[in-house]
>>> print(open('my_file-v7.txt').read())   # compact mmCIF, C-alpha atoms
# COMPACT_ATOMS: atom_id res chain seq x y z
CA MET A 1160 -2.24 -28.29 -12.62
CA GLY A 1161 -2.54 -28.68 -8.87
CA ALA A 1162 -4.60 -27.87 -5.83
CA ASN A 1163 -4.68 -28.00 -2.06
CA ALA A 1164 -7.45 -27.24 0.44
CA HIS A 1165 -7.39 -23.45 -0.20
CA THR A 1166 -5.55 -22.97 -3.51
CA ARG A 1167 -5.95 -24.04 -7.15
CA TRP A 1168 -3.53 -23.54 -10.01
CA TRP A 1169 -3.09 -24.49 -13.65
CA THR A 1170 -1.38 -23.40 -16.87
CA GLU A 1171 -2.98 -22.59 -20.17
CA GLY A 1172 -0.50 -21.96 -22.96
CA PRO A 1173 2.20 -19.62 -21.63
CA VAL A 1174 0.11 -18.32 -18.69
CA GLY A 1175 -0.10 -19.85 -15.23
CA THR A 1176 -3.09 -19.00 -13.03
CA ILE A 1177 -3.33 -19.22 -9.23
CA VAL A 1178 -6.67 -18.89 -7.41
CA LEU A 1179 -6.88 -18.32 -3.65
CA ASP A 1180 -10.03 -20.17 -2.59
CA ASN A 1181 -10.63 -19.84 1.13
CA PRO A 1182 -14.18 -18.42 1.38
CA PRO A 1183 -15.72 -16.10 2.26
CA MET A 1184 -12.79 -13.61 2.46
CA ASN A 1185 -9.90 -15.71 1.12
CA VAL A 1186 -7.86 -15.08 4.27
CA LEU A 1187 -4.27 -16.10 3.75
CA SER A 1188 -3.74 -19.61 5.14
CA ASP A 1189 -0.69 -21.86 5.32
CA GLU A 1190 -2.22 -23.78 2.42
CA ASN A 1191 -2.28 -20.56 0.36
CA ARG A 1192 1.31 -19.71 1.24
CA ARG A 1193 2.44 -23.24 0.36
CA GLY A 1194 0.19 -23.39 -2.72
CA ILE A 1195 1.60 -20.16 -4.18
CA ARG A 1196 5.16 -21.41 -3.81
CA GLU A 1197 4.34 -24.86 -5.24
CA ALA A 1198 2.43 -23.36 -8.17
CA LEU A 1199 5.30 -21.02 -9.08
CA ALA A 1200 7.78 -23.93 -9.01
CA GLU A 1201 5.46 -25.96 -11.24
CA PHE A 1202 4.97 -23.03 -13.64
CA ARG A 1203 8.74 -22.64 -13.90
CA ASP A 1204 9.09 -26.31 -14.91
CA ALA A 1205 6.21 -25.96 -17.37
CA GLY A 1206 7.84 -22.92 -19.00
CA ALA A 1207 5.07 -20.42 -18.12
CA ARG A 1208 5.99 -16.88 -19.13
CA ALA A 1209 3.51 -14.92 -17.02
CA VAL A 1210 1.25 -15.59 -14.04
CA VAL A 1211 -2.21 -14.39 -12.98
CA LEU A 1212 -3.05 -14.39 -9.25
CA THR A 1213 -6.65 -13.89 -8.12
CA GLY A 1214 -9.17 -14.72 -5.41
CA ALA A 1215 -12.22 -16.98 -5.77
CA GLY A 1216 -15.66 -15.38 -5.70
CA GLU A 1217 -16.56 -11.71 -5.98
CA ARG A 1218 -16.08 -10.61 -2.40
CA ALA A 1219 -12.35 -10.70 -1.86
CA PHE A 1220 -9.01 -10.99 -3.59
CA CYS A 1221 -7.41 -11.75 -0.25
CA GLY A 1222 -8.55 -10.69 3.21
CA GLY A 1223 -5.05 -10.87 4.68
CA ALA A 1224 -3.91 -12.78 7.73
CA ASP A 1225 -6.33 -14.99 9.59
CA LEU A 1226 -6.88 -12.94 12.77
CA LYS A 1227 -7.66 -16.12 14.71
CA GLU A 1228 -4.30 -17.58 13.70
CA GLU A 1229 -2.64 -14.26 14.46
CA GLU A 1230 -4.26 -14.05 17.88
CA GLU A 1231 -2.60 -17.28 18.96
CA LEU A 1232 0.91 -16.13 18.06
CA THR A 1233 3.40 -15.98 20.91
CA ALA A 1234 6.80 -14.33 21.14
CA GLU A 1235 8.23 -17.67 19.99
CA THR A 1236 5.89 -18.30 17.05
CA VAL A 1237 5.63 -14.77 15.66
CA GLY A 1238 9.04 -15.12 14.01
CA LYS A 1239 7.94 -18.24 12.18
CA PHE A 1240 4.70 -16.50 11.09
CA LEU A 1241 6.59 -13.49 9.69
CA LYS A 1242 9.08 -15.78 7.94
CA ALA A 1243 6.35 -17.84 6.27
CA GLY A 1244 4.71 -14.68 4.95
CA ASP A 1245 8.02 -13.30 3.78
CA GLU A 1246 8.97 -16.45 1.91
CA THR A 1247 5.72 -16.29 -0.04
CA PHE A 1248 5.97 -12.58 -0.78
CA ARG A 1249 9.59 -12.99 -1.83
CA ALA A 1250 8.67 -15.93 -4.09
CA LEU A 1251 6.35 -13.58 -6.02
CA ARG A 1252 8.78 -10.69 -6.03
CA GLU A 1253 11.80 -12.73 -7.12
CA TYR A 1254 10.00 -15.03 -9.57
CA ASP A 1255 11.60 -14.33 -12.93
CA ARG A 1256 8.27 -14.06 -14.78
CA PRO A 1257 5.86 -11.16 -14.14
CA ILE A 1258 2.82 -11.76 -11.97
CA VAL A 1259 -0.47 -10.00 -12.68
CA ALA A 1260 -2.84 -9.61 -9.72
CA ALA A 1261 -6.52 -9.70 -10.72
CA VAL A 1262 -8.03 -7.81 -7.79
CA ASN A 1263 -11.64 -9.02 -7.76
CA GLY A 1264 -12.73 -7.58 -4.39
CA TRP A 1265 -11.17 -6.71 -1.03
CA ALA A 1266 -7.36 -6.66 -0.82
CA MET A 1267 -6.66 -5.75 2.78
CA GLY A 1268 -3.83 -6.08 5.28
CA GLY A 1269 -1.63 -8.99 4.22
CA GLY A 1270 -3.88 -9.39 1.17
CA LEU A 1271 -2.90 -5.90 0.05
CA VAL A 1272 0.75 -6.83 0.61
CA LEU A 1273 0.21 -9.84 -1.65
CA ALA A 1274 -1.33 -7.69 -4.40
CA LEU A 1275 1.37 -5.02 -4.08
CA TRP A 1276 4.20 -7.54 -4.44
CA CYS A 1277 2.75 -8.58 -7.81
CA ASP A 1278 4.14 -6.74 -10.83
CA VAL A 1279 0.95 -5.43 -12.44
CA ARG A 1280 -2.47 -5.08 -10.81
CA VAL A 1281 -5.77 -4.92 -12.65
CA GLY A 1282 -9.03 -4.60 -10.77
CA SER A 1283 -12.74 -5.05 -11.16
CA THR A 1284 -15.05 -2.21 -10.24
CA ARG A 1285 -15.56 -4.14 -6.97
CA ALA A 1286 -11.89 -3.90 -6.00
CA LYS A 1287 -11.29 -2.28 -2.62
CA LEU A 1288 -7.82 -1.72 -1.19
CA GLY A 1289 -7.17 -1.18 2.50
CA ALA A 1290 -3.90 -0.79 4.39
CA VAL A 1291 -5.81 -1.83 7.51
CA GLY A 1292 -2.79 -2.86 9.63
CA VAL A 1293 -3.03 0.31 11.72
CA LYS A 1294 -6.72 -0.36 12.49
CA VAL A 1295 -5.91 -3.63 14.23
CA GLY A 1296 -2.90 -2.18 16.01
CA LEU A 1297 -0.31 -3.75 13.71
CA MET A 1298 1.80 -2.77 10.73
CA ALA A 1299 1.46 -4.10 7.19
CA SER A 1300 2.16 -2.94 3.62
CA ASN A 1301 4.33 -0.07 4.85
CA VAL A 1302 7.32 -1.21 2.81
CA GLN A 1303 5.30 -1.83 -0.36
CA LEU A 1304 3.23 1.37 -0.32
CA SER A 1305 6.31 3.46 0.45
CA ARG A 1306 7.91 2.03 -2.70
CA LEU A 1307 4.91 2.16 -5.02
CA LEU A 1308 3.70 5.60 -3.98
CA PHE A 1309 5.59 8.59 -2.75
CA GLU A 1310 5.53 9.64 0.88
CA SER A 1311 2.51 11.98 0.78
CA ARG A 1312 0.05 9.41 -0.54
CA ALA A 1313 1.64 6.43 1.21
CA ARG A 1314 1.22 8.22 4.51
CA ASP A 1315 -2.41 9.10 3.78
CA LEU A 1316 -3.26 5.40 3.24
CA LEU A 1317 -1.09 4.00 6.03
CA LEU A 1318 -2.09 6.48 8.75
CA THR A 1319 -5.83 6.32 8.15
CA GLY A 1320 -6.23 2.69 7.00
CA ARG A 1321 -9.04 4.02 4.81
CA THR A 1322 -10.65 2.09 1.96
CA VAL A 1323 -9.49 2.96 -1.56
CA GLU A 1324 -12.13 2.14 -4.17
CA ALA A 1325 -11.20 0.91 -7.65
CA ASP A 1326 -11.35 4.30 -9.42
CA GLU A 1327 -9.15 6.02 -6.88
CA ALA A 1328 -6.71 3.08 -6.92
CA HIS A 1329 -6.51 3.54 -10.69
CA ARG A 1330 -5.78 7.28 -10.33
CA LEU A 1331 -3.07 6.55 -7.74
CA GLY A 1332 -1.46 4.00 -10.07
CA LEU A 1333 -2.10 1.08 -7.73
CA LEU A 1334 -4.38 -0.50 -10.36
CA SER A 1335 -3.35 -0.35 -14.02
CA SER A 1336 -6.89 -0.83 -15.31
CA VAL A 1337 -10.41 -1.23 -13.93
CA VAL A 1338 -13.04 -3.35 -15.72
CA ALA A 1339 -16.44 -4.91 -15.05
CA PRO A 1340 -16.26 -7.95 -12.73
CA GLU A 1341 -17.28 -10.39 -15.47
CA THR A 1342 -14.39 -9.32 -17.71
CA LEU A 1343 -11.67 -9.13 -15.03
CA MET A 1344 -10.08 -12.51 -15.81
CA ASP A 1345 -10.05 -11.72 -19.54
CA GLU A 1346 -8.35 -8.41 -18.78
CA ALA A 1347 -5.73 -10.01 -16.48
CA THR A 1348 -5.10 -12.79 -18.99
CA ALA A 1349 -4.69 -10.24 -21.81
CA TRP A 1350 -1.97 -8.49 -19.76
CA ALA A 1351 -0.32 -11.85 -19.05
CA ARG A 1352 -0.47 -12.85 -22.73
CA ASP A 1353 1.04 -9.53 -23.86
CA ILE A 1354 3.86 -10.05 -21.37
CA ALA A 1355 4.28 -13.68 -22.47
CA ALA A 1356 4.60 -12.60 -26.11
CA ARG A 1357 7.76 -10.59 -25.40
CA PRO A 1358 11.31 -12.04 -25.24
CA PRO A 1359 11.44 -13.82 -21.85
CA ASP A 1360 15.05 -12.92 -21.02
CA LEU A 1361 14.33 -9.26 -21.65
CA VAL A 1362 11.16 -9.40 -19.53
CA ALA A 1363 13.04 -11.09 -16.68
CA ALA A 1364 15.81 -8.47 -16.86
CA LEU A 1365 13.23 -5.66 -16.85
CA LYS A 1366 11.44 -7.04 -13.79
CA ARG A 1367 14.74 -7.35 -11.92
CA ALA A 1368 15.90 -3.90 -12.96
CA VAL A 1369 12.72 -2.12 -11.94
CA ASN A 1370 12.53 -4.09 -8.67
CA THR A 1371 15.92 -2.76 -7.60
CA ALA A 1372 16.00 0.63 -9.36
CA LEU A 1373 14.96 2.59 -6.27
CA ASP A 1374 16.98 0.62 -3.73
CA PRO A 1375 19.52 2.72 -1.87
CA ALA A 1376 21.78 -0.36 -2.11
CA ALA A 1377 21.76 -0.04 -5.90
CA ALA A 1378 23.05 3.55 -5.78
CA PRO A 1379 26.76 3.92 -6.63
CA SER A 1380 27.59 5.26 -3.16
CA ARG A 1381 26.32 2.07 -1.52
CA ARG A 1382 27.87 -0.44 -3.94
CA MET B 1145 -3.86 27.49 6.86
CA GLU B 1146 -4.40 25.79 10.16
CA ILE B 1147 -2.35 22.92 11.58
CA VAL B 1148 -4.28 20.56 13.81
CA GLU B 1149 -2.90 17.64 15.74
CA ALA B 1150 -4.57 14.39 16.73
CA ALA B 1151 -2.88 11.41 18.37
CA GLY B 1152 0.54 12.76 17.41
CA ILE B 1153 -0.40 13.13 13.73
CA ARG B 1154 -0.24 16.69 12.39
CA VAL B 1155 -2.65 17.71 9.65
CA ALA B 1156 -2.43 20.89 7.56
CA VAL B 1157 -5.92 22.21 6.80
CA VAL B 1158 -5.67 24.65 3.90
CA ALA B 1159 -8.64 26.92 3.20
CA GLY B 1160 -7.04 29.72 1.17
CA ALA B 1161 -3.51 30.79 0.28
CA CYS B 1162 -0.69 28.46 1.30
CA VAL B 1163 2.40 30.40 0.32
CA GLY B 1164 5.96 30.95 1.56
CA PRO B 1165 6.41 30.01 5.23
CA ASP B 1166 2.94 28.39 5.29
CA PHE B 1167 3.91 26.21 2.34
CA GLU B 1168 7.07 25.13 4.17
CA ARG B 1169 5.13 24.30 7.33
CA ALA B 1170 2.61 22.32 5.29
CA LEU B 1171 5.41 20.11 3.93
CA GLU B 1172 6.58 19.22 7.42
CA VAL B 1173 3.30 17.78 8.70
CA ASP B 1174 1.95 14.24 8.19
CA LEU B 1175 -1.23 14.86 6.17
CA ARG B 1176 -2.54 17.74 4.06
CA ILE B 1177 -6.18 18.42 3.16
CA ALA B 1178 -7.69 21.44 1.44
CA GLY B 1179 -10.85 23.32 0.59
CA ASP B 1180 -11.63 23.86 -3.09
CA GLY B 1181 -10.54 27.50 -2.87
CA ALA B 1182 -7.02 26.68 -1.66
CA ARG B 1183 -3.97 27.92 -3.60
CA PHE B 1184 -0.38 26.79 -3.21
CA SER B 1185 2.88 28.44 -4.17
CA THR B 1186 6.54 27.98 -3.29
CA ALA B 1187 7.07 31.72 -3.83
CA GLY B 1188 8.69 33.33 -0.81
CA VAL B 1189 9.84 30.16 0.94
CA ALA B 1190 12.89 30.67 3.14
CA ASP B 1191 14.78 27.61 1.88
CA PRO B 1192 13.76 26.66 -1.66
CA VAL B 1193 16.39 23.92 -1.94
CA ALA B 1194 15.19 22.14 1.19
CA CYS B 1195 11.65 22.48 -0.18
CA GLY B 1196 12.70 20.83 -3.41
CA VAL B 1197 14.18 17.87 -1.56
CA ARG B 1198 11.12 17.51 0.65
CA LEU B 1199 8.79 17.74 -2.37
CA ALA B 1200 10.74 15.09 -4.28
CA ARG B 1201 10.30 12.68 -1.37
CA LEU B 1202 6.65 13.52 -0.92
CA LEU B 1203 5.57 13.57 -4.58
CA GLY B 1204 8.33 12.15 -6.78
CA GLU B 1205 10.74 13.95 -9.05
CA ALA B 1206 8.39 14.98 -11.88
CA ARG B 1207 5.75 16.47 -9.62
CA ALA B 1208 8.32 18.16 -7.36
CA LYS B 1209 9.89 19.89 -10.35
CA GLU B 1210 6.49 20.91 -11.69
CA LEU B 1211 5.88 22.74 -8.43
CA ILE B 1212 9.23 24.18 -7.53
CA LEU B 1213 11.01 25.15 -10.76
CA ALA B 1214 8.63 27.69 -12.27
CA GLY B 1215 7.18 28.76 -8.94
CA ARG B 1216 3.66 28.86 -10.34
CA THR B 1217 0.61 29.02 -8.15
CA VAL B 1218 -1.48 25.83 -8.28
CA ASP B 1219 -5.16 25.47 -7.39
CA ALA B 1220 -6.72 22.78 -5.21
CA PRO B 1221 -7.54 20.27 -7.99
CA THR B 1222 -3.94 20.50 -9.24
CA ALA B 1223 -2.61 20.05 -5.70
CA LEU B 1224 -4.76 16.91 -5.44
CA ARG B 1225 -3.49 15.59 -8.77
CA LEU B 1226 0.10 16.16 -7.66
CA GLY B 1227 -0.55 14.48 -4.30
CA LEU B 1228 0.47 17.64 -2.45
CA VAL B 1229 -2.87 17.31 -0.66
CA THR B 1230 -4.69 13.99 -0.44
CA ARG B 1231 -8.21 15.31 -0.06
CA VAL B 1232 -10.11 18.33 -1.43
CA VAL B 1233 -13.64 19.22 -0.26
CA PRO B 1234 -15.88 22.27 -0.74
CA GLY B 1235 -14.58 25.13 1.39
CA SER B 1236 -17.76 25.15 3.47
CA ALA B 1237 -17.17 21.49 4.44
CA LEU B 1238 -13.47 21.83 5.28
CA GLY B 1239 -13.92 22.36 9.04
CA ALA B 1240 -16.18 19.34 9.39
CA THR B 1241 -13.85 17.23 7.25
CA ALA B 1242 -10.85 18.16 9.39
CA GLN B 1243 -12.88 17.40 12.51
CA ALA B 1244 -13.89 13.98 11.16
CA LEU B 1245 -10.32 13.17 10.18
CA THR B 1246 -8.92 14.02 13.60
CA GLU B 1247 -11.64 11.95 15.26
CA GLN B 1248 -10.80 9.07 12.95
CA LEU B 1249 -7.12 9.35 13.92
CA ARG B 1250 -7.94 9.53 17.63
CA ALA B 1251 -9.98 6.32 17.32
CA LEU B 1252 -6.97 4.34 16.05
CA PRO B 1253 -4.57 2.41 18.31
CA PRO B 1254 -1.94 5.07 19.16
CA LEU B 1255 1.13 2.82 19.21
CA ALA B 1256 0.42 1.41 15.73
CA LEU B 1257 -0.33 4.90 14.44
CA ALA B 1258 2.97 6.31 15.72
CA ALA B 1259 4.83 3.30 14.32
CA ALA B 1260 3.27 3.79 10.87
CA ARG B 1261 4.15 7.51 10.94
CA ASP B 1262 7.80 6.81 11.80
CA ALA B 1263 8.22 3.84 9.46
CA VAL B 1264 7.02 5.61 6.30
CA ARG B 1265 9.57 8.35 6.68
CA ALA B 1266 12.39 5.90 7.44
CA THR B 1267 11.63 3.42 4.69
CA ARG B 1268 12.85 5.34 1.65
CA ASP B 1269 16.37 5.55 3.06
CA LEU B 1270 16.56 1.83 3.73
CA THR B 1271 17.25 -1.16 1.52
CA PRO B 1272 14.21 -3.44 1.10
CA ARG B 1273 15.79 -5.93 3.49
CA GLU B 1274 16.41 -3.26 6.12
CA ALA B 1275 12.90 -1.85 5.62
CA LEU B 1276 11.29 -5.27 6.07
CA GLY B 1277 13.48 -5.80 9.13
CA LEU B 1278 12.18 -2.53 10.59
CA GLU B 1279 8.58 -3.50 9.80
CA HIS B 1280 9.04 -6.90 11.48
CA GLU B 1281 10.53 -5.23 14.54
CA HIS B 1282 7.43 -3.03 14.83
CA PHE B 1283 5.15 -6.01 14.16
CA ARG B 1284 6.72 -8.14 16.93
CA ARG B 1285 6.33 -5.29 19.40
CA LEU B 1286 2.80 -4.35 18.33
CA ILE B 1287 1.38 -7.87 18.30
CA ALA B 1288 2.09 -8.15 22.03
CA THR B 1289 0.21 -4.92 22.87
CA ARG B 1290 -3.13 -4.76 24.67
CA ASP B 1291 -4.47 -2.52 21.94
CA HIS B 1292 -3.88 -5.15 19.25
CA LYS B 1293 -5.73 -7.75 21.32
CA ALA B 1294 -8.55 -5.26 21.96
CA ALA B 1295 -8.80 -4.56 18.21
CA VAL B 1296 -9.07 -8.26 17.35
CA ALA B 1297 -11.67 -8.87 20.08
CA ALA B 1298 -13.72 -5.90 18.88
CA PHE B 1299 -13.48 -7.15 15.28
CA PHE B 1300 -14.95 -10.54 16.19
CA GLU B 1301 -17.62 -8.94 18.37
CA ARG B 1302 -18.45 -6.43 15.58
CA ARG B 1303 -18.07 -3.36 17.78
CA ASP B 1304 -15.68 -0.39 18.07
CA ALA B 1305 -12.59 -0.94 20.16
CA ALA B 1306 -11.37 1.43 22.88
CA PHE B 1307 -7.59 1.81 22.93
CA THR B 1308 -5.36 2.76 25.83
CA GLY B 1309 -1.97 3.08 24.14
CA GLU B 1310 -0.64 0.00 25.91
>>> encode(input="my_file-v7.txt", output="structure tokens")
Amino acid sequence: MGANAHTRWWTEGPVGTIVLDNPPMNVLSDENRRGIREALAEFRDAGARAVVLTGAGERAFCGGADLKEEEELTAETVGKFLKAGDETFRALREYDRPIVAAVNGWAMGGGLVLALWCDVRVGSTRAKLGAVGVKVGLMASNVQLSRLLFESRARDLLLTGRTVEADEAHRLGLLSSVVAPETLMDEATAWARDIAARPPDLVAALKRAVNTALDPAAAPSRR
Amino acid sequence: MEIVEAAGIRVAVVAGACVGPDFERALEVDLRIAGDGARFSTAGVADPVACGVRLARLLGEARAKELILAGRTVDAPTALRLGLVTRVVPGSALGATAQALTEQLRALPPLALAAARDAVRATRDLTPREALGLEHEHFRRLIATRDHKAAVAAFFERRDAAFTGE
């Protein structure tokens, strides 16, 4: 169990839970980035077998980068900013237990990246996904959407930055189930418990295998 | 079928039959939308093999094979399910929908839009590390642009931004 100014985390049985709590939009702060990494390390020591990641409140899962923080970036500091984000995303991606995102509201920009780097996503009927990078003149979630969807649909979302509501996200496969807001945490925890009930070495091997299955580097010609 | 262009993004607007050479042209553009009376078929394409490769990248293996192997004609709802088109509207609303989409594209910052268009196509051939490297390269360049700063200012002032492509 732990917390910092914008993040809370705890374990219950085999499931670790992380809550981003930076109201009103849960924009991704340094405390969140640090908190996610600390929580995952703690969960590993505690023997957690699956993780649920969600946002506090009903408005947002994660609103992405803090535009005020982003506005102050210079040519010197932008590298550090990208690296900090990457370390957090990679921590989720390479963590050897699956991570279930409970998408309780907006997941946009860097917040969408965060959700897409999780292994399974479930959403409430209030979930809204937006690859909004292009709208603010930047680029985000291009790598993730290009992997999770094929080119036709990835391009539709990335070129328009349009909002994808929960039902459409379910049809596209970006959400694995959609439930009423009051049952979202039960739904996410049920997924995590099902995962936790399976042999952990097998689950870890499956996550690794699927993560790299589509990598050109994994193809025989590139080995 | 009509192909319209806005801010360097090409959109295929399919009202009726999209067959043969039209089908091939539709695969080459960035976005595809259709009216509910649209029909699609790979029959009569000049290079079926190239079409198969393009379809696999656009839709995935299962959906590409569903379209190309038996050469059946598919209707608009099926095209939407396959992801061949990403929007279907009543035929009578197609012109207005295309118009709205091109206006939406023209209202976006052009440098970020072009970067997104190029990066999606490149990404599937890259390793994740290379792809992230490419994304970071774009990000570093874009964050220094006037348009990005204009977008952030407009966001905080709750108004639309005007972009210059700088």
>>> residues_around(input="my_file-v7.txt", residues="region 1321-1325 of chain A", least_positions_apart="3", cutoff="6 Å", atoms="only C-alpha atoms", output="list in words")
Thr1284, Ala1286, Lys1287, Leu1288, Gly1289 and Ala1328 of chain A
>>> write_last_selection(input="my_file-v7.txt", atoms="C-alpha atoms", output="mmCIF file, in the coordinates of the input")
data_model
loop_
_atom_site.group_PDB
_atom_site.id
_atom_site.type_symbol
_atom_site.label_atom_id
_atom_site.label_comp_id
_atom_site.auth_asym_id
_atom_site.auth_seq_id
_atom_site.Cartn_x
_atom_site.Cartn_y
_atom_site.Cartn_z
ATOM 1 C CA THR A 1284 -15.050 -2.210 -10.240
ATOM 2 C CA ALA A 1286 -11.890 -3.900 -6.000
ATOM 3 C CA LYS A 1287 -11.290 -2.280 -2.620
ATOM 4 C CA LEU A 1288 -7.820 -1.720 -1.190
ATOM 5 C CA GLY A 1289 -7.170 -1.180 2.500
ATOM 6 C CA ALA A 1328 -6.710 3.080 -6.920
#
>>> interface_residues(input="my_file-v7.txt", of="chain A", to="chain B", cutoff="6 Å", atoms="all atoms listed in the file", output="MDAnalysis selection string")
chainID A and resid 1293:1298 1309:1311 1374:1376
>>> atom_distance(input="my_file-v7.txt", atom1="CA of Asp1166 (chain B)", atom2="CA of Thr1217 (chain B)")
13.7 Å
>>> atom_distance(input="my_file-v7.txt", atom1="CA of Gly1161 (chain A)", atom2="CA of Ala1339 (chain A)")
28.2 Å
>>> closest_residue(input="my_file-v7.txt", among="A:Ala1243, A:Leu1187, A:Ala1363, A:Ile1195", to="Leu1271 (chain A)", atoms="all atoms listed in the file")
A:Leu1187
>>> closest_residue(input="my_file-v7.txt", among="B:Glu1168, B:Ala1151, B:Met1145, B:Ala1223", to="Glu1247 (chain B)", atoms="all atoms listed in the file")
B:Ala1151
>>> residues_near_point(input="my_file-v7.txt", point="(4.4, -25.2, -13.7)", cutoff="12 Å", atoms="all atoms listed in the file", output="PyMOL selection string")
chain A and resi 1160-1161+1168-1177+1194-1210+1256
>>> residues_around(input="my_file-v7.txt", residues="Val1218 (chain B)", least_positions_apart="5", cutoff="9 Å", atoms="only C-alpha atoms", output="CSV table (one decimal) with C-alpha atoms, keeping the file's coordinate frame")
chain,number,residue,atom,x,y,z
B,1182,ALA,CA,-7.0,26.7,-1.7
B,1183,ARG,CA,-4.0,27.9,-3.6
B,1184,PHE,CA,-0.4,26.8,-3.2
B,1185,SER,CA,2.9,28.4,-4.2
B,1211,LEU,CA,5.9,22.7,-8.4
B,1223,ALA,CA,-2.6,20.0,-5.7
